[in-house]
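Next up, my_file29.tsv (TSV, C-alpha atoms):
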chain	number	residue	atom	x	y	z
A	1	MET	CA	-34.72	-19.20	110.73
A	2	GLU	CA	-34.22	-20.18	107.10
A	3	TYR	CA	-31.48	-17.83	106.01
A	4	ASP	CA	-31.42	-19.24	102.48
A	5	VAL	CA	-35.02	-18.18	101.98
A	6	LEU	CA	-34.36	-14.76	103.51
A	7	LEU	CA	-31.38	-14.21	101.23
A	8	GLU	CA	-33.45	-15.28	98.25
A	9	LEU	CA	-36.14	-12.77	99.26
A	10	ALA	CA	-33.63	-9.93	99.53
A	11	ALA	CA	-31.99	-10.84	96.22
A	12	ASP	CA	-35.38	-11.04	94.50
A	13	MET	CA	-36.33	-7.63	95.86
A	14	GLY	CA	-33.03	-6.13	94.68
A	15	CYS	CA	-33.46	-7.70	91.28
A	16	ARG	CA	-36.99	-6.31	90.88
A	17	LEU	CA	-35.93	-2.85	92.01
A	18	MET	CA	-32.97	-2.82	89.65
A	19	THR	CA	-35.03	-3.88	86.62
A	20	SER	CA	-37.54	-1.13	87.41
A	21	GLY	CA	-34.75	1.45	86.97
A	22	ALA	CA	-34.05	2.31	90.62
A	23	GLU	CA	-30.75	3.94	91.57
A	24	ILE	CA	-27.97	1.76	92.97
A	25	TYR	CA	-28.15	3.26	96.46
A	26	ARG	CA	-31.89	2.55	96.62
A	27	VAL	CA	-31.32	-1.10	95.65
A	28	GLU	CA	-28.49	-1.57	98.13
A	29	GLU	CA	-30.28	0.25	100.94
A	30	SER	CA	-33.56	-1.65	100.45
A	31	MET	CA	-31.81	-5.04	100.55
A	32	GLN	CA	-29.77	-4.06	103.57
A	33	ARG	CA	-32.88	-2.83	105.40
A	34	ILE	CA	-34.81	-6.04	104.71
A	35	LEU	CA	-31.92	-8.18	105.96
A	36	ASN	CA	-31.55	-6.00	109.05
A	37	ALA	CA	-35.29	-6.10	109.75
A	38	TYR	CA	-35.13	-9.90	109.77
A	39	GLY	CA	-32.30	-9.82	112.24
A	40	LEU	CA	-29.16	-10.13	110.13
A	41	SER	CA	-27.01	-7.16	111.05
A	42	SER	CA	-23.87	-8.43	109.32
A	43	ALA	CA	-25.25	-8.34	105.78
A	44	GLU	CA	-23.04	-7.08	102.95
A	45	VAL	CA	-24.69	-5.89	99.78
A	46	PHE	CA	-22.95	-4.77	96.61
A	47	ALA	CA	-24.68	-3.71	93.43
A	48	ILE	CA	-23.61	-2.35	90.06
A	49	PRO	CA	-25.99	-1.77	87.13
A	50	ASN	CA	-25.92	-5.38	85.91
A	51	CYS	CA	-25.06	-7.41	88.98
A	52	ILE	CA	-26.12	-7.78	92.62
A	53	ILE	CA	-24.11	-9.63	95.28
A	54	VAL	CA	-25.47	-10.27	98.79
A	55	SER	CA	-23.50	-12.06	101.42
A	56	VAL	CA	-24.47	-12.80	105.03
A	57	THR	CA	-23.02	-14.72	107.93
A	58	THR	CA	-25.62	-16.61	109.95
A	59	PRO	CA	-25.43	-16.58	113.77
A	60	GLU	CA	-24.05	-20.15	113.54
A	61	GLY	CA	-21.08	-18.79	111.62
A	62	ARG	CA	-22.01	-20.15	108.18
A	63	SER	CA	-21.70	-17.67	105.35
A	64	ILE	CA	-24.06	-17.65	102.40
A	65	THR	CA	-23.72	-15.61	99.21
A	66	ARG	CA	-26.13	-14.96	96.37
A	67	MET	CA	-25.31	-13.31	93.09
A	68	ARG	CA	-27.81	-12.09	90.53
A	69	ARG	CA	-27.08	-11.03	86.96
A	70	ILE	CA	-29.40	-8.21	85.90
A	71	ALA	CA	-30.52	-8.27	82.28
A	72	ALA	CA	-30.86	-5.12	80.18
A	73	HIS	CA	-33.97	-3.27	81.26
A	74	GLY	CA	-35.99	-0.11	80.78
A	75	THR	CA	-37.71	2.13	83.30
A	76	ASP	CA	-40.92	1.03	85.02
A	77	ILE	CA	-42.05	3.49	87.67
A	78	GLU	CA	-45.12	1.45	88.65
A	79	LEU	CA	-42.93	-1.57	89.50
A	80	LEU	CA	-40.51	0.70	91.37
A	81	GLU	CA	-43.25	2.26	93.52
A	82	ARG	CA	-44.80	-1.12	94.33
A	83	CYS	CA	-41.47	-2.71	95.30
A	84	ASN	CA	-40.62	0.34	97.38
A	85	SER	CA	-43.87	0.23	99.35
A	86	LEU	CA	-43.57	-3.55	99.88
A	87	CYS	CA	-40.03	-3.01	101.16
A	88	ARG	CA	-41.25	-0.35	103.61
A	89	ARG	CA	-43.99	-2.70	104.77
A	90	LEU	CA	-41.59	-5.63	105.27
A	91	CYS	CA	-39.25	-3.46	107.32
A	92	THR	CA	-41.96	-2.27	109.69
A	93	GLU	CA	-44.19	-5.36	109.96
A	94	VAL	CA	-41.56	-8.14	109.48
A	95	LEU	CA	-44.04	-10.57	107.91
A	96	PRO	CA	-43.30	-14.32	107.98
A	97	LEU	CA	-40.91	-15.27	105.16
A	98	PRO	CA	-43.31	-17.39	103.05
A	99	GLU	CA	-45.89	-14.61	103.15
A	100	ALA	CA	-43.28	-11.99	102.22
A	101	ARG	CA	-42.08	-14.09	99.28
A	102	ALA	CA	-45.66	-14.63	98.10
A	103	LEU	CA	-46.29	-10.87	98.25
A	104	LEU	CA	-43.14	-10.17	96.24
A	105	ALA	CA	-44.03	-12.82	93.66
A	106	GLU	CA	-47.46	-11.25	93.39
A	107	ILE	CA	-46.12	-7.85	92.24
A	108	PRO	CA	-45.39	-8.70	88.57
A	109	ARG	CA	-48.76	-10.44	88.30
A	110	GLU	CA	-50.67	-7.56	89.84
A	111	GLU	CA	-48.75	-4.88	87.99
A	112	ARG	CA	-50.68	-3.07	85.29
A	113	HIS	CA	-49.11	-2.39	81.90
A	114	PHE	CA	-50.44	-0.04	79.28
A	115	SER	CA	-51.76	-1.79	76.18
A	116	LEU	CA	-49.84	-1.34	72.93
A	117	PRO	CA	-52.17	1.36	71.49
A	118	VAL	CA	-51.87	3.46	74.66
A	119	LEU	CA	-48.11	2.96	74.71
A	120	LEU	CA	-47.90	4.06	71.08
A	121	LEU	CA	-50.03	7.09	71.95
A	122	GLY	CA	-47.39	7.96	74.56
A	123	TYR	CA	-44.64	7.50	71.96
A	124	GLY	CA	-46.56	9.84	69.68
A	125	LEU	CA	-47.53	12.50	72.24
A	126	ALA	CA	-44.00	13.09	73.53
A	127	PRO	CA	-42.38	14.10	70.18
A	128	MET	CA	-45.55	15.89	69.10
A	129	PHE	CA	-45.47	18.30	72.03
A	130	PHE	CA	-41.68	18.59	72.09
A	131	THR	CA	-41.88	19.81	68.50
A	132	ALA	CA	-44.60	22.27	69.52
A	133	MET	CA	-42.54	23.33	72.54
A	134	PHE	CA	-39.51	24.13	70.36
A	135	GLY	CA	-41.72	26.32	68.17
A	136	GLY	CA	-43.04	23.99	65.46
A	137	THR	CA	-46.34	24.53	63.66
A	138	LEU	CA	-49.41	22.30	63.95
A	139	PHE	CA	-48.41	20.23	60.91
A	140	ASP	CA	-44.87	19.83	62.26
A	141	ALA	CA	-46.36	18.48	65.48
A	142	VAL	CA	-48.61	16.03	63.63
A	143	SER	CA	-45.75	14.63	61.57
A	144	ALA	CA	-43.65	14.34	64.75
A	145	PHE	CA	-46.55	12.36	66.24
A	146	LEU	CA	-46.50	9.93	63.30
A	147	ILE	CA	-42.71	9.53	63.49
A	148	GLY	CA	-42.99	8.94	67.23
A	149	VAL	CA	-45.48	6.14	66.64
A	150	VAL	CA	-43.07	4.56	64.14
A	151	ILE	CA	-40.23	4.78	66.70
A	152	GLY	CA	-42.53	3.24	69.31
A	153	LEU	CA	-43.27	0.31	67.01
A	154	LEU	CA	-39.55	-0.11	66.31
A	155	GLN	CA	-38.76	-0.05	70.03
A	156	PHE	CA	-41.54	-2.51	70.79
A	157	TYR	CA	-40.83	-5.04	68.04
A	158	GLY	CA	-37.20	-3.99	67.61
A	159	THR	CA	-35.84	-6.56	70.04
A	160	ARG	CA	-37.19	-9.27	67.74
A	161	LEU	CA	-36.40	-7.58	64.42
A	162	LEU	CA	-32.98	-6.29	65.42
A	163	PRO	CA	-31.59	-8.69	68.01
A	164	ALA	CA	-28.34	-6.71	68.06
A	165	ASN	CA	-27.37	-4.45	70.97
A	166	SER	CA	-29.10	-1.25	71.99
A	167	PHE	CA	-26.46	0.86	70.20
A	168	VAL	CA	-27.50	-0.51	66.81
A	169	ARG	CA	-31.18	-0.24	67.71
A	170	THR	CA	-30.85	3.40	68.80
A	171	ALA	CA	-28.87	4.26	65.67
A	172	PHE	CA	-31.49	2.56	63.50
A	173	CYS	CA	-34.40	4.38	65.19
A	174	SER	CA	-32.55	7.67	64.88
A	175	ALA	CA	-31.86	7.01	61.17
A	176	VAL	CA	-35.54	6.24	60.55
A	177	ALA	CA	-36.66	9.38	62.41
A	178	SER	CA	-34.30	11.69	60.57
A	179	PHE	CA	-35.14	10.07	57.23
A	180	LEU	CA	-38.90	10.40	57.77
A	181	SER	CA	-38.88	14.08	58.74
A	182	PRO	CA	-37.46	15.38	55.40
A	183	LEU	CA	-39.85	12.94	53.71
A	184	PHE	CA	-42.87	14.42	55.49
A	185	VAL	CA	-41.73	17.96	54.73
A	186	HIS	CA	-41.13	16.95	51.10
A	187	LEU	CA	-44.70	15.65	50.92
A	188	GLY	CA	-45.88	19.05	52.17
A	189	PHE	CA	-46.67	17.88	55.66
A	190	GLY	CA	-44.96	20.27	58.07
A	191	ALA	CA	-42.38	22.94	57.36
A	192	HIS	CA	-39.39	22.60	59.73
A	193	ILE	CA	-37.24	19.50	59.15
A	194	ASP	CA	-35.01	20.28	62.15
A	195	LEU	CA	-37.86	20.81	64.66
A	196	ILE	CA	-39.61	17.59	63.64
A	197	SER	CA	-36.37	15.60	63.86
A	198	ILE	CA	-35.43	17.06	67.24
A	199	GLY	CA	-38.88	16.33	68.65
A	200	ALA	CA	-38.69	12.73	67.47
A	201	LEU	CA	-35.09	12.28	68.66
A	202	MET	CA	-36.11	13.37	72.18
A	203	LEU	CA	-37.54	9.85	72.48
A	204	LEU	CA	-34.07	8.36	72.06
A	205	VAL	CA	-31.99	10.98	73.90
A	206	PRO	CA	-30.21	9.50	76.94
A	207	GLY	CA	-31.92	11.75	79.49
A	208	VAL	CA	-32.55	8.88	81.89
A	209	ALA	CA	-28.94	7.69	81.74
A	210	ILE	CA	-27.53	11.20	82.37
A	211	THR	CA	-29.89	11.83	85.30
A	212	ASN	CA	-29.22	8.42	86.81
A	213	ALA	CA	-25.46	8.78	86.43
A	214	MET	CA	-25.58	12.05	88.37
A	215	ARG	CA	-27.69	10.50	91.09
A	216	GLU	CA	-25.17	7.65	91.39
A	217	ILE	CA	-22.28	10.12	91.74
A	218	MET	CA	-24.23	11.98	94.41
A	219	ALA	CA	-24.69	8.74	96.32
A	220	GLY	CA	-21.00	7.85	95.97
A	221	ASP	CA	-21.40	4.86	93.60
A	222	THR	CA	-18.69	5.93	91.19
A	223	ILE	CA	-18.40	2.66	89.25
A	224	SER	CA	-22.12	2.66	88.49
A	225	ALA	CA	-21.96	6.35	87.60
A	226	ILE	CA	-19.14	5.77	85.13
A	227	SER	CA	-20.95	2.90	83.48
A	228	GLN	CA	-24.20	4.92	83.20
A	229	MET	CA	-22.27	7.90	81.84
A	230	SER	CA	-20.54	5.84	79.15
A	231	ASP	CA	-23.97	4.43	78.33
A	232	ALA	CA	-25.27	7.98	77.85
A	233	LEU	CA	-22.31	8.97	75.67
A	234	LEU	CA	-22.63	5.84	73.51
A	235	CYS	CA	-26.34	6.53	73.12
A	236	ALA	CA	-25.67	10.12	72.03
A	237	VAL	CA	-23.09	8.90	69.49
A	238	ALA	CA	-25.57	6.31	68.19
A	239	ILE	CA	-28.21	9.03	67.75
A	240	ALA	CA	-25.78	11.30	65.92
A	241	LEU	CA	-24.53	8.48	63.65
A	242	GLY	CA	-28.04	7.29	62.81
A	243	ALA	CA	-29.26	10.84	62.26
A	244	ALA	CA	-26.31	11.51	59.94
A	245	VAL	CA	-27.24	8.49	57.77
A	246	GLY	CA	-30.97	9.22	57.76
A	247	PHE	CA	-30.43	12.92	57.13
A	248	SER	CA	-28.12	12.31	54.15
A	249	VAL	CA	-30.52	9.83	52.57
A	250	GLY	CA	-33.51	12.11	53.28
A	251	ARG	CA	-31.77	15.09	51.67
A	252	MET	CA	-31.46	13.19	48.36
A	253	LEU	CA	-35.26	13.31	47.95
B	1	MET	CA	-50.80	37.90	74.47
B	2	THR	CA	-47.03	37.64	74.13
B	3	VAL	CA	-46.84	36.21	77.63
B	4	VAL	CA	-49.21	33.44	76.58
B	5	THR	CA	-47.31	32.52	73.41
B	6	THR	CA	-43.77	32.90	74.76
B	7	TYR	CA	-44.21	31.40	78.23
B	8	LEU	CA	-47.52	29.70	78.92
B	9	LEU	CA	-48.02	27.72	75.71
B	10	PRO	CA	-44.51	26.17	75.69
B	11	CYS	CA	-45.05	25.14	79.31
B	12	LEU	CA	-48.36	23.53	78.39
B	13	TRP	CA	-46.56	21.64	75.59
B	14	ALA	CA	-43.84	20.59	78.03
B	15	PHE	CA	-46.55	19.32	80.38
B	16	LEU	CA	-48.16	17.24	77.62
B	17	ALA	CA	-44.81	15.93	76.36
B	18	CYS	CA	-44.02	14.74	79.89
B	19	LEU	CA	-47.44	13.08	79.91
B	20	GLY	CA	-46.35	11.08	76.85
B	21	PHE	CA	-43.17	10.03	78.62
B	22	SER	CA	-45.04	9.04	81.76
B	23	ILE	CA	-46.99	6.54	79.63
B	24	ILE	CA	-43.72	5.18	78.20
B	25	PHE	CA	-42.26	4.80	81.72
B	26	ASN	CA	-45.46	3.12	83.00
B	27	MET	CA	-46.26	5.74	85.62
B	28	ARG	CA	-49.71	5.76	87.25
B	29	GLY	CA	-52.05	7.85	89.35
B	30	LEU	CA	-51.31	11.18	90.96
B	31	SER	CA	-47.56	10.78	90.36
B	32	VAL	CA	-48.14	11.43	86.66
B	33	TRP	CA	-49.57	14.89	87.23
B	34	ILE	CA	-46.85	15.80	89.73
B	35	ALA	CA	-44.09	14.73	87.32
B	36	CYS	CA	-45.72	16.57	84.40
B	37	PHE	CA	-46.18	19.70	86.50
B	38	GLY	CA	-42.50	19.48	87.44
B	39	GLY	CA	-41.61	19.34	83.74
B	40	ALA	CA	-43.71	22.43	82.97
B	41	LEU	CA	-42.29	24.28	85.98
B	42	GLY	CA	-38.73	23.48	84.92
B	43	TRP	CA	-39.37	24.68	81.40
B	44	LEU	CA	-40.92	27.93	82.71
B	45	VAL	CA	-37.82	28.60	84.81
B	46	TYR	CA	-35.61	27.78	81.82
B	47	LEU	CA	-37.50	30.28	79.63
B	48	LEU	CA	-37.59	32.98	82.32
B	49	CYS	CA	-33.85	32.70	82.96
B	50	GLY	CA	-32.97	33.21	79.31
B	51	SER	CA	-32.73	29.72	77.75
B	52	ASP	CA	-28.99	29.26	78.16
B	53	ILE	CA	-26.58	27.18	80.23
B	54	PRO	CA	-27.25	29.05	83.53
B	55	ALA	CA	-30.99	28.80	82.82
B	56	ALA	CA	-30.67	24.99	82.54
B	57	PHE	CA	-28.82	25.02	85.84
B	58	PHE	CA	-31.54	26.99	87.66
B	59	ALA	CA	-34.31	24.92	86.07
B	60	ALA	CA	-32.61	21.72	87.25
B	61	ILE	CA	-32.35	23.16	90.77
B	62	VAL	CA	-36.07	24.01	90.84
B	63	ILE	CA	-37.00	20.57	89.49
B	64	GLY	CA	-34.75	18.84	92.01
B	65	VAL	CA	-36.22	20.66	95.01
B	66	PHE	CA	-39.80	20.26	93.76
B	67	SER	CA	-39.38	16.51	93.13
B	68	GLU	CA	-37.65	15.80	96.44
B	69	PHE	CA	-40.37	17.72	98.28
B	70	MET	CA	-43.18	15.86	96.49
B	71	ALA	CA	-41.50	12.49	97.07
B	72	ARG	CA	-41.26	13.20	100.84
B	73	LEU	CA	-44.87	14.34	100.88
B	74	ARG	CA	-46.16	11.20	99.16
B	75	HIS	CA	-43.67	8.68	100.63
B	76	CYS	CA	-42.66	7.34	97.24
B	77	PRO	CA	-39.36	7.22	95.35
B	78	VAL	CA	-38.15	10.50	93.88
B	79	THR	CA	-36.70	8.70	90.83
B	80	GLY	CA	-39.74	8.94	88.58
B	81	TYR	CA	-40.39	12.63	89.26
B	82	VAL	CA	-36.84	13.72	88.52
B	83	LEU	CA	-36.49	11.51	85.43
B	84	ILE	CA	-39.64	12.80	83.75
B	85	SER	CA	-39.42	16.44	84.84
B	86	LEU	CA	-35.86	16.82	83.53
B	87	LEU	CA	-36.62	15.34	80.09
B	88	PRO	CA	-37.73	18.59	78.35
B	89	LEU	CA	-34.38	20.14	79.30
B	90	VAL	CA	-32.20	17.33	77.92
B	91	PRO	CA	-30.38	18.86	74.92
B	92	GLY	CA	-31.70	16.66	72.10
B	93	GLY	CA	-31.64	19.67	69.78
B	94	GLY	CA	-27.97	20.24	70.52
B	95	ILE	CA	-27.03	16.68	69.55
B	96	TYR	CA	-29.00	17.04	66.33
B	97	ARG	CA	-27.67	20.48	65.39
B	98	SER	CA	-24.04	19.60	66.10
B	99	MET	CA	-24.48	16.51	63.90
B	100	ALA	CA	-26.00	18.65	61.14
B	101	PHE	CA	-23.07	21.11	61.28
B	102	ALA	CA	-20.57	18.23	61.30
B	103	LEU	CA	-22.20	16.81	58.16
B	104	ALA	CA	-22.15	20.22	56.49
B	105	GLY	CA	-18.42	20.44	57.23
B	106	ASP	CA	-18.78	23.59	59.34
B	107	THR	CA	-16.22	22.71	61.99
B	108	SER	CA	-16.28	25.92	64.03
B	109	LYS	CA	-20.09	25.93	64.35
B	110	PHE	CA	-20.01	22.19	65.08
B	111	LEU	CA	-17.57	22.68	67.93
B	112	SER	CA	-19.40	25.63	69.46
B	113	VAL	CA	-22.78	23.85	69.35
B	114	LEU	CA	-21.22	20.66	70.71
B	115	LEU	CA	-19.61	22.54	73.60
B	116	ASN	CA	-22.90	24.29	74.33
B	117	THR	CA	-24.69	20.91	74.34
B	118	LEU	CA	-22.16	19.42	76.74
B	119	GLY	CA	-22.46	22.56	78.88
B	120	ILE	CA	-26.24	22.20	79.15
B	121	ALA	CA	-25.93	18.50	80.03
B	122	ALA	CA	-23.37	19.36	82.70
B	123	ALA	CA	-25.54	22.21	84.04
B	124	LEU	CA	-28.52	19.85	84.35
B	125	ALA	CA	-26.40	17.26	86.07
B	126	VAL	CA	-24.79	19.65	88.53
B	127	GLY	CA	-28.08	21.48	89.16
B	128	SER	CA	-30.05	18.35	90.03
B	129	MET	CA	-27.13	17.06	92.11
B	130	VAL	CA	-26.75	20.28	94.10
B	131	SER	CA	-30.48	20.70	94.73
B	132	SER	CA	-31.04	17.13	95.95
B	133	SER	CA	-28.00	17.21	98.23
B	134	LEU	CA	-29.01	20.59	99.65
B	135	PHE	CA	-32.60	19.49	100.10
B	136	ARG	CA	-31.53	16.34	101.94
B	137	THR	CA	-29.24	18.24	104.27
B	138	VAL	CA	-31.81	20.93	105.09
B	139	TYR	CA	-34.66	18.43	105.36
B	140	SER	CA	-32.85	16.05	107.70
B	141	SER	CA	-31.67	18.89	109.94
B	142	MET	CA	-35.27	20.20	110.01
B	143	GLN	CA	-36.51	16.73	110.98
B	144	ARG	CA	-33.93	16.55	113.74
B	145	ALA	CA	-34.94	19.99	115.06
B	146	LYS	CA	-38.58	18.89	115.03
B	147	GLU	CA	-37.80	15.72	117.02
B	148	HIS	CA	-35.76	17.78	119.42
B	149	ARG	CA	-38.63	20.19	119.96
B	150	SER	CA	-41.21	17.43	120.48
B	151	GLN	CA	-38.89	15.75	122.99
B	152	ALA	CA	-38.40	19.06	124.81
B	153	SER	CA	-42.14	19.70	124.99
B	154	ARG	CA	-42.73	16.18	126.37
B	155	ARG	CA	-40.30	16.90	129.18

For this file, write the structure as structure tokens.
Amino acid sequence: MEYDVLLELAADMGCRLMTSGAEIYRVEESMQRILNAYGLSSAEVFAIPNCIIVSVTTPEGRSITRMRRIAAHGTDIELLERCNSLCRRLCTEVLPLPEARALLAEIPREERHFSLPVLLLGYGLAPMFFTAMFGGTLFDAVSAFLIGVVIGLLQFYGTRLLPANSFVRTAFCSAVASFLSPLFVHLGFGAHIDLISIGALMLLVPGVAITNAMREIMAGDTISAISQMSDALLCAVAIALGAAVGFSVGRML
Amino acid sequence: MTVVTTYLLPCLWAFLACLGFSIIFNMRGLSVWIACFGGALGWLVYLLCGSDIPAAFFAAIVIGVFSEFMARLRHCPVTGYVLISLLPLVPGGGIYRSMAFALAGDTSKFLSVLLNTLGIAAALAVGSMVSSSLFRTVYSSMQRAKEHRSQASRR
């Protein structure tokens, strides 16, 4: 059996799962299961949020190791569900390696993404209804929708416009959101500056990082949990800093 | 009428806000409606329990159990359900208000709002942690009992 190819398959699967936003234990367990299904019981897998290491010893006594660096990524549930079902299938059917690799390579090509207008609609809907949920009026909700669309554009093109780290990008988005909400209220569009800002900031709030950190702790991956938690704290600080700047500028209107 | 405006409408808004987030997270199919329903359910529990730190804790427990159950039912990862359903409860307002008080120089209000925000975040975290661990323990022991019974009946 070609163990190099098998290891490559497992590492690819882990990489895909990690970039889709899966928890560490899911990544480790999936890779381990694939390797076990193909007959390697002595596989060692270690993953932290930005790195995966797999090491196996072949029956001939040769050991092979693969390491993958994971780039910064968002959350992509569609990719996660597809990888998960392929992983289940590989573990039960044990397809030939070339076929398995072809199926895995197929996933990003087959995967559907929302077009930019639909994505922006999502970025608008979320703050709009959060503002309504916290008790805002109809006009508050509409201005939150517009601010959400602006944040969506910034997030989408932000990596090109602001090539700096995510801290700066979050702070910038937060500053724009909390500058625009007093502006809209000043123009007579909406009445509650705080509700509009909070609705818009919900897009940036580190909910995913907090939830993931807790799930890592639950699974016993403390290092990953600490790194996710510090990510969440940094994100919250970035939001507060950006909002402070935007708020002060907006108040001068 | 008050029931509609104080409980049902906010839950409908929570549902629609979660729908927006499910687009951002590229979620598809039936999963979307399950996750959005979880978000609305969590917000209803939060409102019914009095919109405070314990309320966030109970809401997180309900969301955790609901998501784990749905994930088992549909054989797909629980990650997406929990992520989206918990989002309405994440204290974005707390971060904003504590920042506003800090800017205004009102230290005592800043500290109390900040502590409340941290408390809600911790309640969410502990709630979702407790519910998933409990669910897994109960579920796996139930599965084992089921296997046991089917083996016994075969004999």

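For the residues A:Thr170, A:Ser227, A:Ser85, A:Ser143, ranking by smallest atom-to-atom distance to chain B using only C-alpha atoms places A:Ser85 first.
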
What are the residues of chain A that have an atom within 6 Å of an atom of chain B, counting only C-alpha atoms, as a ChimeraX atom specification? /A:75-78,122,125-126,129-130,133,198,202,205,207-208,214,240

What does the distance from atom CA of Cys235 of chain A to atom CA of Val65 of chain B come to in Å, to one decimal?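 Going from atom CA of Cys235 of chain A over to atom CA of Val65 of chain B covers 27.9 Å.
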
Would you place a box with edges along x, y and z of the file around all atoms of segment 54-60 of chain A listed there, add 6 Å to each of its six sides, and report the centre and edge lengths in Å to one decimal, as AutoDock Vina command-line options?
--center_x -24.3 --center_y -15.2 --center_z 106.3 --size_x 14.6 --size_y 21.9 --size_z 27.0

Determine, for each residue of segment 69-126 of chain A having at least one atom at most 10 Å from an atom of segment 44-63 of chain A, the closest pair of atoms and their separation in Å to one decimal, counting only C-alpha atoms; order by chain and ascending number, as a Markdown table.
| residue | atom | partner | partner_atom | distance |
| --- | --- | --- | --- | --- |
| A:Arg69 | CA | A:Cys51 | CA | 4.6 |
| A:Ile70 | CA | A:Asn50 | CA | 4.5 |
| A:Ala71 | CA | A:Asn50 | CA | 6.5 |
| A:Ala72 | CA | A:Asn50 | CA | 7.6 |
| A:His73 | CA | A:Asn50 | CA | 9.5 |

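As for atom CA of Asp106 of chain B and atom CA of Leu203 of chain A, they are spaced 26.7 Å apart.
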
Expressed in Å to a single decimal, how great is the separation between atom CA of Ala244 of chain A and atom CA of Tyr46 of chain B?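 So the two atoms, atom CA of Ala244 of chain A and atom CA of Tyr46 of chain B, lie 28.8 Å apart.
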
Nearest to Arg26 of chain A among A:Ala171, A:Tyr123, A:Ser197, A:Arg215, with distances taken over all atoms listed in the file: which residue is it?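 The answer is A:Arg215, which sits nearest to Arg26 of chain A.
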
Residue list as JSON, numbers by chain for point (-38.5, 26.7, 81.6), cut-off 10 Å, all atoms listed in the file: {"B": [7, 8, 10, 11, 14, 39, 40, 41, 42, 43, 44, 45, 46, 47, 48, 49, 50, 51, 55, 56, 58, 59, 60, 62, 88, 89]}

Between A:Pro182, A:Gly220, A:Pro127, A:Gly74, which residue has the minimum interatomic distance to Ala243 of chain A, considering only C-alpha atoms?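 Ranked by minimum distance to Ala243 of chain A, first place goes to A:Pro182.
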
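Protein, DNA and RNA residues at most 12 Å from (-30.6, 11.9, 51.8), with all atoms listed in the file, are these: Ala175, Val176, Ser178, Phe179, Leu180, Ser181, Pro182, Leu183, His186, Ala243, Ala244, Val245, Gly246, Phe247, Ser248, Val249, Gly250, Arg251, Met252 and Leu253 of chain A; Leu103 of chain B.
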
Residue with smallest distance to Glu106 of chain A - pool A:Ala132, A:Leu119, A:Leu86, A:Val94, counting all atoms listed in the file: A:Leu86

Filled-in N, CA, C and O atoms of segment 209-218 of chain A, supplied as an mmCIF file, in the frame of the given file:
data_model
loop_
_atom_site.group_PDB
_atom_site.id
_atom_site.type_symbol
_atom_site.label_atom_id
_atom_site.label_comp_id
_atom_site.auth_asym_id
_atom_site.auth_seq_id
_atom_site.Cartn_x
_atom_site.Cartn_y
_atom_site.Cartn_z
ATOM 1 N N ALA A 209 -30.291 8.123 81.378
ATOM 2 C CA ALA A 209 -28.940 7.690 81.740
ATOM 3 C C ALA A 209 -28.156 8.833 82.372
ATOM 4 O O ALA A 209 -27.482 8.635 83.392
ATOM 5 N N ILE A 210 -28.271 10.057 81.801
ATOM 6 C CA ILE A 210 -27.530 11.200 82.370
ATOM 7 C C ILE A 210 -28.010 11.467 83.803
ATOM 8 O O ILE A 210 -27.209 11.595 84.728
ATOM 9 N N THR A 211 -29.346 11.528 83.973
ATOM 10 C CA THR A 211 -29.890 11.830 85.300
ATOM 11 C C THR A 211 -29.461 10.770 86.301
ATOM 12 O O THR A 211 -29.020 11.079 87.408
ATOM 13 N N ASN A 212 -29.587 9.494 85.897
ATOM 14 C CA ASN A 212 -29.220 8.420 86.810
ATOM 15 C C ASN A 212 -27.753 8.461 87.172
ATOM 16 O O ASN A 212 -27.389 8.285 88.332
ATOM 17 N N ALA A 213 -26.902 8.737 86.167
ATOM 18 C CA ALA A 213 -25.460 8.780 86.430
ATOM 19 C C ALA A 213 -25.159 9.823 87.494
ATOM 20 O O ALA A 213 -24.378 9.580 88.419
ATOM 21 N N MET A 214 -25.829 10.992 87.391
ATOM 22 C CA MET A 214 -25.580 12.050 88.370
ATOM 23 C C MET A 214 -26.034 11.628 89.752
ATOM 24 O O MET A 214 -25.405 11.933 90.754
ATOM 25 N N ARG A 215 -27.178 10.921 89.788
ATOM 26 C CA ARG A 215 -27.690 10.500 91.090
ATOM 27 C C ARG A 215 -26.767 9.451 91.715
ATOM 28 O O ARG A 215 -26.611 9.390 92.935
ATOM 29 N N GLU A 216 -26.125 8.628 90.863
ATOM 30 C CA GLU A 216 -25.170 7.650 91.390
ATOM 31 C C GLU A 216 -23.946 8.357 91.968
ATOM 32 O O GLU A 216 -23.456 7.999 93.034
ATOM 33 N N ILE A 217 -23.454 9.378 91.248
ATOM 34 C CA ILE A 217 -22.280 10.120 91.740
ATOM 35 C C ILE A 217 -22.587 10.734 93.093
ATOM 36 O O ILE A 217 -21.819 10.646 94.048
ATOM 37 N N MET A 218 -23.818 11.329 93.173
ATOM 38 C CA MET A 218 -24.230 11.980 94.410
ATOM 39 C C MET A 218 -24.236 10.995 95.558
ATOM 40 O O MET A 218 -23.899 11.330 96.685
#
